[in-house]
Every structure is written in structure tokens, then in C-alpha cells.
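Note: the block below is target11.csv and it holds CSV, C-alpha atoms and all ligand atoms.
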```csv
chain,number,residue,atom,x,y,z
A,1,GLN,CA,66.6,180.4,-33.6
A,2,GLU,CA,68.4,177.7,-31.6
A,3,LEU,CA,69.0,174.3,-33.3
A,4,ILE,CA,70.1,171.5,-31.1
A,5,PHE,CA,71.7,168.4,-32.6
A,6,SER,CA,73.0,165.3,-31.0
A,7,GLY,CA,73.6,161.6,-32.0
A,8,ILE,CA,74.0,158.2,-30.6
A,9,GLN,CA,75.6,155.2,-32.3
A,10,PRO,CA,73.5,152.0,-32.9
A,11,THR,CA,76.3,149.8,-31.7
A,12,GLY,CA,74.2,147.8,-29.2
A,13,ILE,CA,71.5,148.3,-26.6
A,14,PRO,CA,72.0,151.6,-24.8
A,15,HIS,CA,73.1,151.3,-21.2
A,16,LEU,CA,72.7,153.3,-18.0
A,17,GLY,CA,75.7,155.4,-18.9
A,18,ASN,CA,74.1,156.5,-22.2
A,19,TYR,CA,70.9,157.2,-20.4
A,20,LEU,CA,72.4,159.2,-17.6
A,21,GLY,CA,75.0,160.9,-19.7
A,22,ALA,CA,73.0,161.7,-22.8
A,23,ILE,CA,69.4,160.4,-23.3
A,24,SER,CA,67.8,161.8,-20.1
A,25,ASN,CA,69.4,165.2,-20.8
A,26,TRP,CA,68.0,165.1,-24.4
A,27,VAL,CA,64.6,164.5,-22.9
A,28,SER,CA,64.9,167.5,-20.5
A,29,LEU,CA,66.2,169.8,-23.3
A,30,GLN,CA,63.1,168.8,-25.4
A,31,ASN,CA,60.8,169.5,-22.5
A,32,THR,CA,62.0,172.9,-21.5
A,33,ASP,CA,61.1,176.1,-23.4
A,34,THR,CA,60.2,174.4,-26.6
A,35,ARG,CA,59.1,177.5,-28.4
A,36,ARG,CA,62.4,178.8,-29.6
A,37,LYS,CA,64.2,175.7,-30.8
A,38,ASN,CA,64.4,172.9,-33.3
A,39,ILE,CA,65.8,169.6,-32.0
A,40,LEU,CA,67.3,166.8,-34.0
A,41,TYR,CA,68.5,163.5,-32.5
A,42,SER,CA,70.2,161.2,-35.0
A,43,ILE,CA,70.9,157.5,-34.8
A,44,VAL,CA,74.4,157.8,-36.3
A,45,ASP,CA,74.8,154.5,-38.2
A,46,LEU,CA,77.6,155.8,-40.5
A,47,HIS,CA,79.7,156.3,-37.3
A,48,ALA,CA,78.9,152.7,-36.2
A,49,LEU,CA,80.7,151.5,-39.4
A,50,THR,CA,84.1,152.7,-38.1
A,51,LEU,CA,84.3,149.5,-36.1
A,52,PRO,CA,83.3,146.1,-37.5
A,53,GLN,CA,79.5,145.4,-37.4
A,54,ASP,CA,77.3,142.5,-38.3
A,55,PRO,CA,74.9,143.9,-41.0
A,56,ASN,CA,71.8,142.1,-39.7
A,57,ILE,CA,72.5,143.1,-36.1
A,58,LEU,CA,73.2,146.7,-37.1
A,59,ARG,CA,69.9,146.9,-39.0
A,60,GLU,CA,68.0,145.6,-35.9
A,61,SER,CA,70.0,147.8,-33.5
A,62,LYS,CA,68.9,150.9,-35.3
A,63,LYS,CA,65.2,150.1,-34.9
A,64,LYS,CA,65.8,149.1,-31.3
A,65,MET,CA,67.7,152.3,-30.6
A,66,ALA,CA,64.8,154.4,-32.0
A,67,THR,CA,62.3,152.4,-29.8
A,68,ILE,CA,64.4,152.9,-26.7
A,69,LEU,CA,64.9,156.6,-27.3
A,70,ILE,CA,61.1,157.1,-27.6
A,71,ALA,CA,60.4,154.9,-24.6
A,72,CYS,CA,62.9,157.0,-22.6
A,73,GLY,CA,60.8,160.1,-23.4
A,74,ILE,CA,62.1,161.5,-26.7
A,75,ASP,CA,58.8,162.7,-28.2
A,76,PRO,CA,58.7,162.6,-32.0
A,77,ARG,CA,56.2,165.5,-32.0
A,78,LYS,CA,58.8,167.7,-30.3
A,79,SER,CA,62.1,166.3,-31.6
A,80,VAL,CA,63.2,164.9,-35.0
A,81,ILE,CA,64.5,161.4,-34.6
A,82,PHE,CA,66.2,160.0,-37.7
A,83,GLU,CA,68.8,157.6,-39.1
A,84,GLN,CA,71.9,159.4,-40.3
A,85,SER,CA,72.5,157.3,-43.4
A,86,LYS,CA,69.0,158.1,-44.8
A,87,ILE,CA,70.3,161.6,-45.3
A,88,SER,CA,73.2,161.2,-47.8
A,89,GLU,CA,74.1,164.9,-47.3
A,90,HIS,CA,76.0,163.9,-44.1
A,91,ALA,CA,78.5,161.9,-46.0
A,92,GLU,CA,78.8,164.5,-48.8
A,93,LEU,CA,79.4,167.4,-46.4
A,94,ALA,CA,81.9,165.2,-44.6
A,95,TRP,CA,83.9,164.9,-47.8
A,96,ILE,CA,83.9,168.6,-48.4
A,97,LEU,CA,85.0,169.2,-44.8
A,98,ASN,CA,87.6,166.5,-45.1
A,99,CYS,CA,89.2,168.7,-47.7
A,100,ILE,CA,89.7,171.5,-45.2
A,101,ALA,CA,90.1,169.5,-41.9
A,102,PRO,CA,93.6,169.8,-40.4
A,103,PHE,CA,95.2,166.4,-40.5
A,104,GLY,CA,97.6,167.1,-37.6
A,105,GLU,CA,94.7,168.1,-35.3
A,106,LEU,CA,92.8,164.8,-36.1
A,107,GLY,CA,95.9,162.8,-35.2
A,108,ARG,CA,95.8,164.5,-31.7
A,109,MET,CA,92.2,163.5,-31.0
A,110,THR,CA,92.0,161.4,-27.9
A,111,HIS,CA,89.7,158.8,-29.4
A,112,TRP,CA,92.3,158.1,-32.0
A,113,LYS,CA,95.3,158.1,-29.7
A,114,SER,CA,93.5,155.9,-27.2
A,115,LYS,CA,92.7,153.4,-30.0
A,116,LEU,CA,96.4,153.4,-30.9
A,117,HIS,CA,97.4,152.8,-27.3
A,118,THR,CA,94.9,150.0,-26.7
A,119,ASP,CA,95.9,148.1,-29.9
A,120,LYS,CA,98.8,146.0,-28.8
A,121,ASN,CA,99.9,145.3,-32.3
A,122,ILE,CA,100.9,148.9,-32.8
A,123,LYS,CA,104.4,149.8,-31.5
A,124,SER,CA,105.4,152.4,-34.1
A,125,PRO,CA,103.5,154.6,-36.6
A,126,GLN,CA,104.5,152.2,-39.4
A,127,ASP,CA,102.6,149.4,-37.6
A,128,ILE,CA,99.3,151.3,-38.1
A,129,GLU,CA,99.5,150.5,-41.8
A,130,SER,CA,100.8,146.9,-41.6
A,131,THR,CA,99.3,145.2,-38.7
A,132,SER,CA,96.2,146.9,-37.4
A,133,GLY,CA,92.6,146.7,-38.5
A,134,LEU,CA,92.2,150.4,-37.9
A,135,CYS,CA,90.4,152.1,-40.8
A,136,LEU,CA,90.6,155.6,-42.2
A,137,GLY,CA,87.0,156.2,-41.1
A,138,LEU,CA,88.0,155.8,-37.5
A,139,PHE,CA,90.6,158.4,-37.9
A,140,SER,CA,88.4,160.9,-39.7
A,141,TYR,CA,85.1,160.3,-37.8
A,142,PRO,CA,85.3,163.6,-35.9
A,143,VAL,CA,85.0,165.3,-39.4
A,144,LEU,CA,81.8,163.3,-40.0
A,145,GLN,CA,80.7,164.5,-36.6
A,146,ALA,CA,81.4,168.1,-37.6
A,147,ALA,CA,79.4,167.5,-40.8
A,148,ASP,CA,76.5,166.1,-38.7
A,149,ILE,CA,76.4,169.3,-36.7
A,150,LEU,CA,77.1,171.8,-39.4
A,151,LEU,CA,74.7,170.3,-42.0
A,152,TYR,CA,71.9,171.6,-39.8
A,153,LYS,CA,73.7,174.8,-38.8
A,154,ALA,CA,73.3,173.6,-35.2
A,155,THR,CA,73.8,176.2,-32.6
A,156,HIS,CA,73.9,173.9,-29.6
A,157,VAL,CA,75.2,170.4,-29.1
A,158,PRO,CA,74.7,168.5,-25.8
A,159,VAL,CA,78.0,166.7,-25.1
A,160,GLY,CA,79.8,164.8,-22.3
A,161,ASP,CA,83.2,166.1,-21.4
A,162,ASP,CA,84.9,163.5,-23.6
A,163,GLN,CA,83.3,165.0,-26.6
A,164,ILE,CA,84.4,168.6,-26.0
A,165,GLN,CA,87.5,168.1,-28.1
A,166,HIS,CA,85.4,166.9,-31.1
A,167,LEU,CA,83.1,169.9,-30.7
A,168,GLN,CA,86.1,172.2,-30.7
A,169,LEU,CA,87.2,170.6,-33.9
A,170,ALA,CA,83.8,171.2,-35.4
A,171,ARG,CA,84.0,174.9,-34.4
A,172,ASP,CA,87.6,175.1,-35.9
A,173,ILE,CA,86.4,173.6,-39.2
A,174,ALA,CA,83.4,175.9,-39.3
A,175,GLU,CA,85.6,178.9,-38.7
A,176,LYS,CA,88.0,177.8,-41.3
A,177,PHE,CA,85.2,177.2,-43.8
A,178,ASN,CA,83.6,180.6,-43.0
A,179,LYS,CA,86.8,182.4,-43.6
A,180,LYS,CA,87.8,180.6,-46.7
A,181,PHE,CA,84.4,180.7,-48.5
A,182,ASN,CA,81.5,182.5,-46.9
A,183,PRO,CA,80.4,182.9,-43.3
A,184,ILE,CA,77.5,180.5,-43.5
A,185,PHE,CA,78.0,178.3,-40.4
A,186,PRO,CA,77.2,179.4,-36.9
A,187,LEU,CA,79.8,178.2,-34.4
A,188,PRO,CA,78.1,175.4,-32.4
A,189,ASN,CA,78.1,175.8,-28.6
A,190,PRO,CA,78.4,172.9,-26.1
A,191,ILE,CA,75.6,172.2,-23.7
A,192,LEU,CA,77.7,170.4,-21.1
A,193,VAL,CA,76.0,167.5,-19.5
A,194,SER,CA,76.4,167.6,-15.8
A,195,GLY,CA,77.2,164.6,-13.7
A,196,SER,CA,80.1,162.2,-13.9
A,197,ARG,CA,80.8,159.6,-16.4
A,198,ILE,CA,79.4,156.1,-15.5
A,199,MET,CA,82.2,153.6,-15.4
A,200,SER,CA,82.3,149.9,-16.2
A,201,LEU,CA,81.0,147.5,-13.5
A,202,ARG,CA,84.0,145.3,-14.2
A,203,GLN,CA,86.8,147.7,-14.7
A,204,PRO,CA,85.9,151.0,-12.9
A,205,THR,CA,88.6,152.9,-14.6
A,206,GLN,CA,87.0,152.4,-18.0
A,207,LYS,CA,83.7,153.9,-19.1
A,208,MET,CA,80.6,151.8,-19.3
A,209,SER,CA,80.3,151.0,-23.0
A,210,LYS,CA,77.9,149.3,-25.4
A,211,SER,CA,80.6,147.5,-27.3
A,212,ALA,CA,82.7,146.2,-24.3
A,213,THR,CA,82.9,142.4,-24.5
A,214,SER,CA,81.5,141.6,-21.1
A,215,ASP,CA,77.8,142.1,-20.8
A,216,TYR,CA,78.4,142.2,-17.0
A,217,SER,CA,80.3,145.4,-17.4
A,218,ARG,CA,77.1,147.4,-18.0
A,219,ILE,CA,73.4,147.7,-17.2
A,220,ASN,CA,71.5,147.6,-20.5
A,221,LEU,CA,68.3,149.6,-20.4
A,222,THR,CA,66.4,146.4,-21.4
A,223,ASP,CA,67.9,144.2,-18.6
A,224,PRO,CA,65.2,142.5,-16.6
A,225,PRO,CA,65.2,143.3,-12.8
A,226,THR,CA,66.8,140.0,-11.9
A,227,THR,CA,69.7,140.6,-14.3
A,228,ILE,CA,70.1,144.1,-12.9
A,229,ALA,CA,70.3,142.8,-9.4
A,230,LEU,CA,72.7,140.1,-10.4
A,231,LYS,CA,75.0,142.4,-12.3
A,232,ILE,CA,75.2,144.9,-9.5
A,233,LYS,CA,75.7,142.1,-6.9
A,234,LYS,CA,78.6,140.7,-8.9
A,235,CYS,CA,80.2,144.0,-9.9
A,236,THR,CA,83.8,144.7,-8.8
A,237,THR,CA,84.2,146.5,-5.4
A,238,ASP,CA,87.1,146.6,-3.0
A,239,SER,CA,87.9,145.1,0.4
A,240,ILE,CA,87.4,148.3,2.4
A,241,LYS,CA,84.3,148.3,4.6
A,242,GLY,CA,81.3,150.6,4.1
A,243,VAL,CA,80.2,153.2,1.6
A,244,SER,CA,82.4,156.2,0.8
A,245,TYR,CA,83.2,158.4,-2.2
A,246,ASP,CA,86.9,158.5,-3.3
A,247,PRO,CA,87.3,158.0,-7.0
A,248,THR,CA,91.1,157.7,-6.7
A,249,GLU,CA,91.3,155.2,-3.9
A,250,ARG,CA,87.9,153.5,-4.3
A,251,PRO,CA,86.9,153.9,-8.0
A,252,ALA,CA,84.5,151.0,-8.0
A,253,ILE,CA,82.3,151.9,-5.0
A,254,SER,CA,82.6,155.6,-6.0
A,255,ASN,CA,81.1,154.7,-9.4
A,256,LEU,CA,78.2,153.0,-7.7
A,257,VAL,CA,77.7,156.1,-5.5
A,258,SER,CA,77.6,158.3,-8.6
A,259,MET,CA,75.2,156.0,-10.3
A,260,TYR,CA,72.9,156.0,-7.2
A,261,ALA,CA,72.9,159.8,-7.1
A,262,ALA,CA,72.3,160.2,-10.8
A,263,VAL,CA,69.5,157.6,-11.0
A,264,LYS,CA,67.7,159.1,-7.9
A,265,GLY,CA,68.0,162.6,-9.5
A,266,ASN,CA,66.0,165.4,-8.0
A,267,SER,CA,69.3,167.1,-7.0
A,268,THR,CA,70.5,164.1,-5.0
A,269,THR,CA,74.2,164.7,-4.3
A,270,ILE,CA,77.0,162.3,-3.7
A,271,GLU,CA,77.1,163.5,-0.1
A,272,ASP,CA,73.4,162.7,0.3
A,273,VAL,CA,74.0,159.2,-0.9
A,274,VAL,CA,77.0,158.6,1.4
A,275,ALA,CA,75.2,160.0,4.4
A,276,GLU,CA,72.1,157.9,3.6
A,277,HIS,CA,74.1,154.7,3.5
A,278,LYS,CA,76.7,155.4,6.1
A,279,ASP,CA,75.6,152.3,8.1
A,280,SER,CA,75.3,150.0,5.2
A,281,ASN,CA,77.8,147.4,4.1
A,282,THR,CA,78.7,147.0,0.4
A,283,LEU,CA,76.1,144.2,-0.2
A,284,GLN,CA,73.3,146.2,1.4
A,285,PHE,CA,74.3,149.3,-0.7
A,286,LYS,CA,74.4,147.2,-3.8
A,287,GLU,CA,70.8,145.9,-3.1
A,288,ALA,CA,69.6,149.5,-2.6
A,289,LEU,CA,71.3,150.6,-5.8
A,290,ALA,CA,69.7,147.7,-7.8
A,291,ASP,CA,66.3,148.8,-6.4
A,292,VAL,CA,66.6,152.4,-7.5
A,293,ILE,CA,67.8,151.3,-11.0
A,294,VAL,CA,65.0,148.8,-11.4
A,295,ALA,CA,62.4,151.5,-10.3
A,296,GLN,CA,63.8,153.8,-13.0
A,297,LEU,CA,64.0,151.2,-15.8
A,298,VAL,CA,60.9,149.2,-15.4
A,299,PRO,CA,58.5,151.9,-16.7
A,300,ILE,CA,60.9,152.4,-19.7
A,301,GLN,CA,60.9,148.7,-20.4
A,302,LYS,CA,57.0,148.6,-20.3
A,303,GLU,CA,57.0,151.4,-22.8
A,304,ILE,CA,59.4,149.6,-25.1
A,305,GLU,CA,57.1,146.5,-25.0
A,306,ARG,CA,54.1,148.7,-25.8
A,307,LEU,CA,55.9,150.5,-28.7
A,308,GLU,CA,57.1,147.1,-30.1
A,309,SER,CA,53.5,145.9,-30.2
A,310,GLU,CA,52.5,148.8,-32.4
A,311,VAL,CA,53.3,147.4,-35.9
A,312,GLY,CA,55.0,149.9,-38.2
A,313,TYR,CA,55.0,152.8,-35.7
A,314,ILE,CA,58.8,153.1,-35.3
A,315,GLU,CA,59.4,152.8,-39.1
A,316,LYS,CA,56.8,155.6,-39.5
A,317,VAL,CA,58.6,157.8,-36.9
A,318,LEU,CA,61.9,157.3,-38.6
A,319,ASP,CA,60.6,158.0,-42.1
A,320,GLU,CA,58.9,161.2,-41.0
A,321,GLY,CA,62.1,162.2,-39.1
A,322,ALA,CA,64.2,161.7,-42.2
A,323,GLU,CA,61.8,163.8,-44.2
A,324,SER,CA,62.0,166.7,-41.8
A,325,ALA,CA,65.8,166.4,-41.5
A,326,ARG,CA,66.2,166.2,-45.3
A,327,ILE,CA,64.4,169.5,-45.8
A,328,ILE,CA,67.1,171.3,-43.8
A,329,ALA,CA,70.0,169.2,-45.0
A,330,GLU,CA,69.2,169.7,-48.7
A,331,GLN,CA,68.9,173.4,-48.4
A,332,ASN,CA,72.1,173.8,-46.4
A,333,LEU,CA,74.2,171.5,-48.6
A,334,LYS,CA,73.0,173.4,-51.7
A,335,GLU,CA,74.3,176.6,-50.1
A,336,VAL,CA,77.6,174.8,-49.4
A,337,HIS,CA,77.8,173.7,-53.0
A,338,ARG,CA,77.3,177.3,-54.1
A,339,VAL,CA,79.9,178.9,-51.9
A,340,VAL,CA,82.6,176.3,-52.6
A,341,GLY,CA,82.0,176.4,-56.4
A,342,LEU,CA,80.4,173.0,-57.0
A,343,ARG,CA,77.3,174.6,-58.4
A,401,LIG,N1,79.7,155.6,-19.6
A,401,LIG,C1,79.1,156.7,-20.0
A,401,LIG,N2,78.7,157.6,-19.1
A,401,LIG,C2,78.1,158.7,-19.4
A,401,LIG,N3,77.8,159.0,-20.7
A,401,LIG,C3,78.1,158.1,-21.7
A,401,LIG,N4,78.0,158.2,-23.0
A,401,LIG,C4,78.5,157.0,-23.5
A,401,LIG,N5,79.0,156.2,-22.5
A,401,LIG,C5,78.8,156.9,-21.4
A,401,LIG,C6,77.3,159.2,-23.8
A,401,LIG,O1,76.3,158.6,-24.6
A,401,LIG,C7,76.1,159.4,-25.8
A,401,LIG,C8,76.1,158.4,-27.0
A,401,LIG,O2,77.3,157.7,-27.1
A,401,LIG,P1,77.6,157.0,-28.5
A,401,LIG,O3,76.8,155.8,-28.6
A,401,LIG,O4,77.5,157.9,-29.6
A,401,LIG,O5,79.1,156.6,-28.3
A,401,LIG,P2,80.0,156.3,-27.2
A,401,LIG,O6,80.3,157.5,-26.3
A,401,LIG,O7,81.2,155.6,-27.7
A,401,LIG,O8,79.2,155.3,-26.3
A,401,LIG,P3,79.4,153.8,-26.0
A,401,LIG,O9,78.3,153.3,-25.2
A,401,LIG,O10,80.8,153.6,-25.4
A,401,LIG,O11,79.4,153.1,-27.4
A,401,LIG,P4,80.5,152.3,-28.1
A,401,LIG,O12,80.8,151.1,-27.3
A,401,LIG,O13,79.8,151.9,-29.4
A,401,LIG,O14,81.7,153.1,-28.3
A,401,LIG,C9,77.3,160.3,-25.9
A,401,LIG,O15,76.9,161.6,-25.6
A,401,LIG,C10,78.3,159.8,-24.8
A,401,LIG,O16,79.0,160.9,-24.2
```

Written as C-alpha cells, how would this file's structure read?
Ligand code: AQP
Amino acid sequence: QELIFSGIQPTGIPHLGNYLGAISNWVSLQNTDTRRKNILYSIVDLHALTLPQDPNILRESKKKMATILIACGIDPRKSVIFEQSKISEHAELAWILNCIAPFGELGRMTHWKSKLHTDKNIKSPQDIESTSGLCLGLFSYPVLQAADILLYKATHVPVGDDQIQHLQLARDIAEKFNKKFNPIFPLPNPILVSGSRIMSLRQPTQKMSKSATSDYSRINLTDPPTTIALKIKKCTTDSIKGVSYDPTERPAISNLVSMYAAVKGNSTTIEDVVAEHKDSNTLQFKEALADVIVAQLVPIQKEIERLESEVGYIEKVLDEGAESARIIAEQNLKEVHRVVGLR
């Protein structure tokens, strides 16, 4: 039987990039051919700790994330939604896997290397120790990710192209474990999310991100229509006239074209969008884009409001989700304990 696992960090309000690159795909996976598969979607709060978090905000963000996932269409009757830290087996399996994970390979992970490159205090490997606030958890979080996946013996993992490297590491770790001990883990396969990465509205060469400092760099799923219109109106473009798609020469407008196509959905292509707006100037195109985003997000926002008015509902979903996840996690970790000799 197929088991699908994926996670999202409660590091803020999810944005349009998270929606188009992950959440909307999770909803379709859940709604197609449900007979053969188990689906688990985790709010991965242990991963969030790899960067500094305010404890009260983190607590609130987890509940908000669950509310938004459900409002977007994740149905707790079809998919298990749960908080990672409620299942302590994640951390325990991560430790066991840490003891076989290849150190060198972790050092080559792009997420780690990009952190090193963006931290201006680091000029040599020695500086990592002395000057930076980087923690060991940030270095080894792909191992925790492998544990998240292998704990449930997931067979499929929906991923964006930036996560392929981490999934490959999970497969390598599973293979190593299976050879060294007993072949208990299936090798997880990627379900590659189609469509391009949504970039920041301020710096179109960086991806849209929950934790980027400027709120104007992203469209949060909870932004009211006037804010959406304003953010799109103010977003970076270039001085070239008209609408065209050329990510190298015109990254900003190309990002808006991709967003338009992805939000419209129904197989709308980049070419369709460019053809439809060939006579528009940038401002007119931005207004049209804001309109399609608002039309997509308003029903989700109404559903968030409705869910928030149902006292205790989200807590109940998360408790029940944790109970279902725990049944699988306990059983699989027991098996791991047996084969490695802890029990
Ligand atoms: N800009 C994006 N475009 C398309 N997909 C995206 N995802 C994230 N940003 C974009 C996808 O969303 C899923 C959940 O991501 P995550 O919260 O686990 O971590 P992330 O990729 O690091 O996302 P953020 O928003 O940038 O969070 P922070 O700022 O906390 O690091 C993943 O499937 C991811 O591919």
C-alpha cells in the first residue's frame, strides 16, 4: 500500500508559494484515487527550531498552519494532519539515523552551503564555530527529514525540485540501514510537484519565503484583498514595456506571469498568459494578477474564519491526527529498536 508523507514548517503564515508549490498539490493527491493510500501531512515544528523562534509565536503559528491547511482543502477525514513534536519517535529515529548518516554528504547539502554563503561572518570553516549562530540542528535537519519519512515507511513524498537532494539522502540512509541491519524501509519515491518556484516580490532571484524579513516580499494566504492588490502593485518589475516571459532577462515580470498561470490553473500555460496580456502594460497586468489571486484566496479566507469560530475544532483534529500517526510510528520504531539491538 502507498503511504504519502509531507511536511510544512510552522515558521509563519503560509504564502502563495507554499500554496502553489505544495499545499494545492497535497489537496489533489488526497482527492485522487483514495482507496489505495494513507496520507500524512505533518506540521514540522521540530524543523522550525533550527532557526530562532519566539515560543509564543511558534505555538500560535502551529494552530494557524493547521487551520489554513484545512481551509485550503486538506480533509482530516482523508489525510492525517498532525504536529511532529507530538510524536517523539521522530526525534528518536533521527538520532539512530544520525549514527549512520554520512557526514560529508550532509556538508554538501545545498541548504547548508547556501546558509554558509549568506552568512557574511563566515569566511573560513573555522568561522562557523566562532562567529556564526548556526546550530548543529540546521546542519543535520535533512536527517530529521529522513526520519520523518522513514518512520512511517513512506513510499511517496511530494517534493519541490529544491527538496530532491534531501529525498535522495533519505533514500541513501534507508539503503544503508537496510544493508547494515534488516531491509525494513521501502525507498521513498518523489512525487515531483510541477510548475515553477514562486519568487519573492521584492527580489525575484530569491524564492518567496515565510521568514523573509519584508512582508512585501510575499502574498500571505491571509492577506486581505486590498493588501494583495497593494503588494502586487508595489512589487519589483523592470523598465521594459509590456508582458513577456524571460526568466533570465526579466525575472520579476516572468515570476508574475508564472504566478498568474499557476493561480488560474486548469492547464493555463505561460504562453496563454502572455498571449492574453499582450496588449497590457505592466500596471494593467498587475491589476489582473491581483484579481485572480484575490478570487482564489477569498474563499480560503472565509473558510479560515469559519474554522476559527468553531471552538476546539482544530485542537481536536490535531489530537486525533497525532493518535493515528502514533500508531504507525510506535510500531515502526519498535521494529527499528529490534533490528539495531536496542531491544
Ligand atoms: N517560493 C516557493 N515556491 C514554491 N514552493 C515553495 N515552497 C516553499 N516556498 C516555495 C514549498 O512549500 C513546502 C513547505 O515548505 P516549508 O515550510 O517546509 O519550508 P521552506 O521550503 O523553507 O518554505 P519557506 O516558506 O521558505 O519557509 P521558511 O521561510 O521558514 O524557510 C515545501 O514543499 C516547499 O518546497

For segment 17-104 of chain A versus segment 312-328 of chain A, which residues have an atom no more than 12 Å away, and what is each residue's nearest atom pair and distance in Å rounded to one decimal, using all atoms listed in the file, chain-then-number order, as a tab-separated table?
```
residue	atom	partner	partner_atom	distance
A:Asn38	CA	A:Ala325	CA	10.6
A:Ile39	CA	A:Ala325	CA	10.0
A:Leu40	CA	A:Ala325	CA	7.7
A:Tyr41	CA	A:Gly321	CA	9.3
A:Ser42	CA	A:Gly321	CA	9.1
A:Ile43	CA	A:Leu318	CA	9.8
A:Glu60	CA	A:Glu315	CA	11.7
A:Lys62	CA	A:Leu318	CA	10.0
A:Lys63	CA	A:Ile314	CA	7.1
A:Lys64	CA	A:Ile314	CA	9.0
A:Met65	CA	A:Ile314	CA	10.1
A:Ala66	CA	A:Ile314	CA	7.0
A:Thr67	CA	A:Ile314	CA	6.6
A:Ile68	CA	A:Ile314	CA	10.3
A:Leu69	CA	A:Ile314	CA	10.7
A:Ile70	CA	A:Ile314	CA	9.0
A:Ala71	CA	A:Ile314	CA	11.0
A:Ile74	CA	A:Val317	CA	11.4
A:Asp75	CA	A:Val317	CA	10.0
A:Pro76	CA	A:Val317	CA	6.9
A:Arg77	CA	A:Val317	CA	9.4
A:Lys78	CA	A:Gly321	CA	10.9
A:Ser79	CA	A:Gly321	CA	8.5
A:Val80	CA	A:Gly321	CA	5.0
A:Ile81	CA	A:Gly321	CA	5.2
A:Phe82	CA	A:Gly321	CA	4.9
A:Glu83	CA	A:Ala322	CA	6.9
A:Gln84	CA	A:Ala322	CA	8.3
A:Ser85	CA	A:Ala322	CA	9.5
A:Lys86	CA	A:Ala322	CA	6.5
A:Ile87	CA	A:Arg326	CA	6.2
A:Ser88	CA	A:Arg326	CA	9.0
A:Glu89	CA	A:Arg326	CA	8.3
A:His90	CA	A:Arg326	CA	10.1
```

Q: Grab me every residue within 10 Å of ligand LIG 401 (chain A), counting all atoms listed in the file, and send it over as a PyMOL selection string.
A: chain A and resi 6-23+25-26+42-45+47-48+50-51+65+111+157-164+192-200+206-213+218+259

Those residues you just picked out, can you put them in a file as a compact mmCIF listing (two decimals), in the coordinates of the input with C-alpha atoms?
```txt
# COMPACT_ATOMS: atom_id res chain seq x y z
CA SER A 6 73.00 165.30 -31.00
CA GLY A 7 73.60 161.60 -32.00
CA ILE A 8 74.00 158.20 -30.60
CA GLN A 9 75.60 155.20 -32.30
CA PRO A 10 73.50 152.00 -32.90
CA THR A 11 76.30 149.80 -31.70
CA GLY A 12 74.20 147.80 -29.20
CA ILE A 13 71.50 148.30 -26.60
CA PRO A 14 72.00 151.60 -24.80
CA HIS A 15 73.10 151.30 -21.20
CA LEU A 16 72.70 153.30 -18.00
CA GLY A 17 75.70 155.40 -18.90
CA ASN A 18 74.10 156.50 -22.20
CA TYR A 19 70.90 157.20 -20.40
CA LEU A 20 72.40 159.20 -17.60
CA GLY A 21 75.00 160.90 -19.70
CA ALA A 22 73.00 161.70 -22.80
CA ILE A 23 69.40 160.40 -23.30
CA ASN A 25 69.40 165.20 -20.80
CA TRP A 26 68.00 165.10 -24.40
CA SER A 42 70.20 161.20 -35.00
CA ILE A 43 70.90 157.50 -34.80
CA VAL A 44 74.40 157.80 -36.30
CA ASP A 45 74.80 154.50 -38.20
CA HIS A 47 79.70 156.30 -37.30
CA ALA A 48 78.90 152.70 -36.20
CA THR A 50 84.10 152.70 -38.10
CA LEU A 51 84.30 149.50 -36.10
CA MET A 65 67.70 152.30 -30.60
CA HIS A 111 89.70 158.80 -29.40
CA VAL A 157 75.20 170.40 -29.10
CA PRO A 158 74.70 168.50 -25.80
CA VAL A 159 78.00 166.70 -25.10
CA GLY A 160 79.80 164.80 -22.30
CA ASP A 161 83.20 166.10 -21.40
CA ASP A 162 84.90 163.50 -23.60
CA GLN A 163 83.30 165.00 -26.60
CA ILE A 164 84.40 168.60 -26.00
CA LEU A 192 77.70 170.40 -21.10
CA VAL A 193 76.00 167.50 -19.50
CA SER A 194 76.40 167.60 -15.80
CA GLY A 195 77.20 164.60 -13.70
CA SER A 196 80.10 162.20 -13.90
CA ARG A 197 80.80 159.60 -16.40
CA ILE A 198 79.40 156.10 -15.50
CA MET A 199 82.20 153.60 -15.40
CA SER A 200 82.30 149.90 -16.20
CA GLN A 206 87.00 152.40 -18.00
CA LYS A 207 83.70 153.90 -19.10
CA MET A 208 80.60 151.80 -19.30
CA SER A 209 80.30 151.00 -23.00
CA LYS A 210 77.90 149.30 -25.40
CA SER A 211 80.60 147.50 -27.30
CA ALA A 212 82.70 146.20 -24.30
CA THR A 213 82.90 142.40 -24.50
CA ARG A 218 77.10 147.40 -18.00
CA MET A 259 75.20 156.00 -10.30
```

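Atom CA of Lys234 of chain A is positioned 23.7 Å from atom CA of Ala275 of chain A.
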
Q: Tell me, in Å to one decimal, how far atom CA of Asn31 of chain A is from atom CA of Ile219 of chain A.
A: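 Interatomic distance, atom CA of Asn31 of chain A to atom CA of Ile219 of chain A: 25.7 Å.
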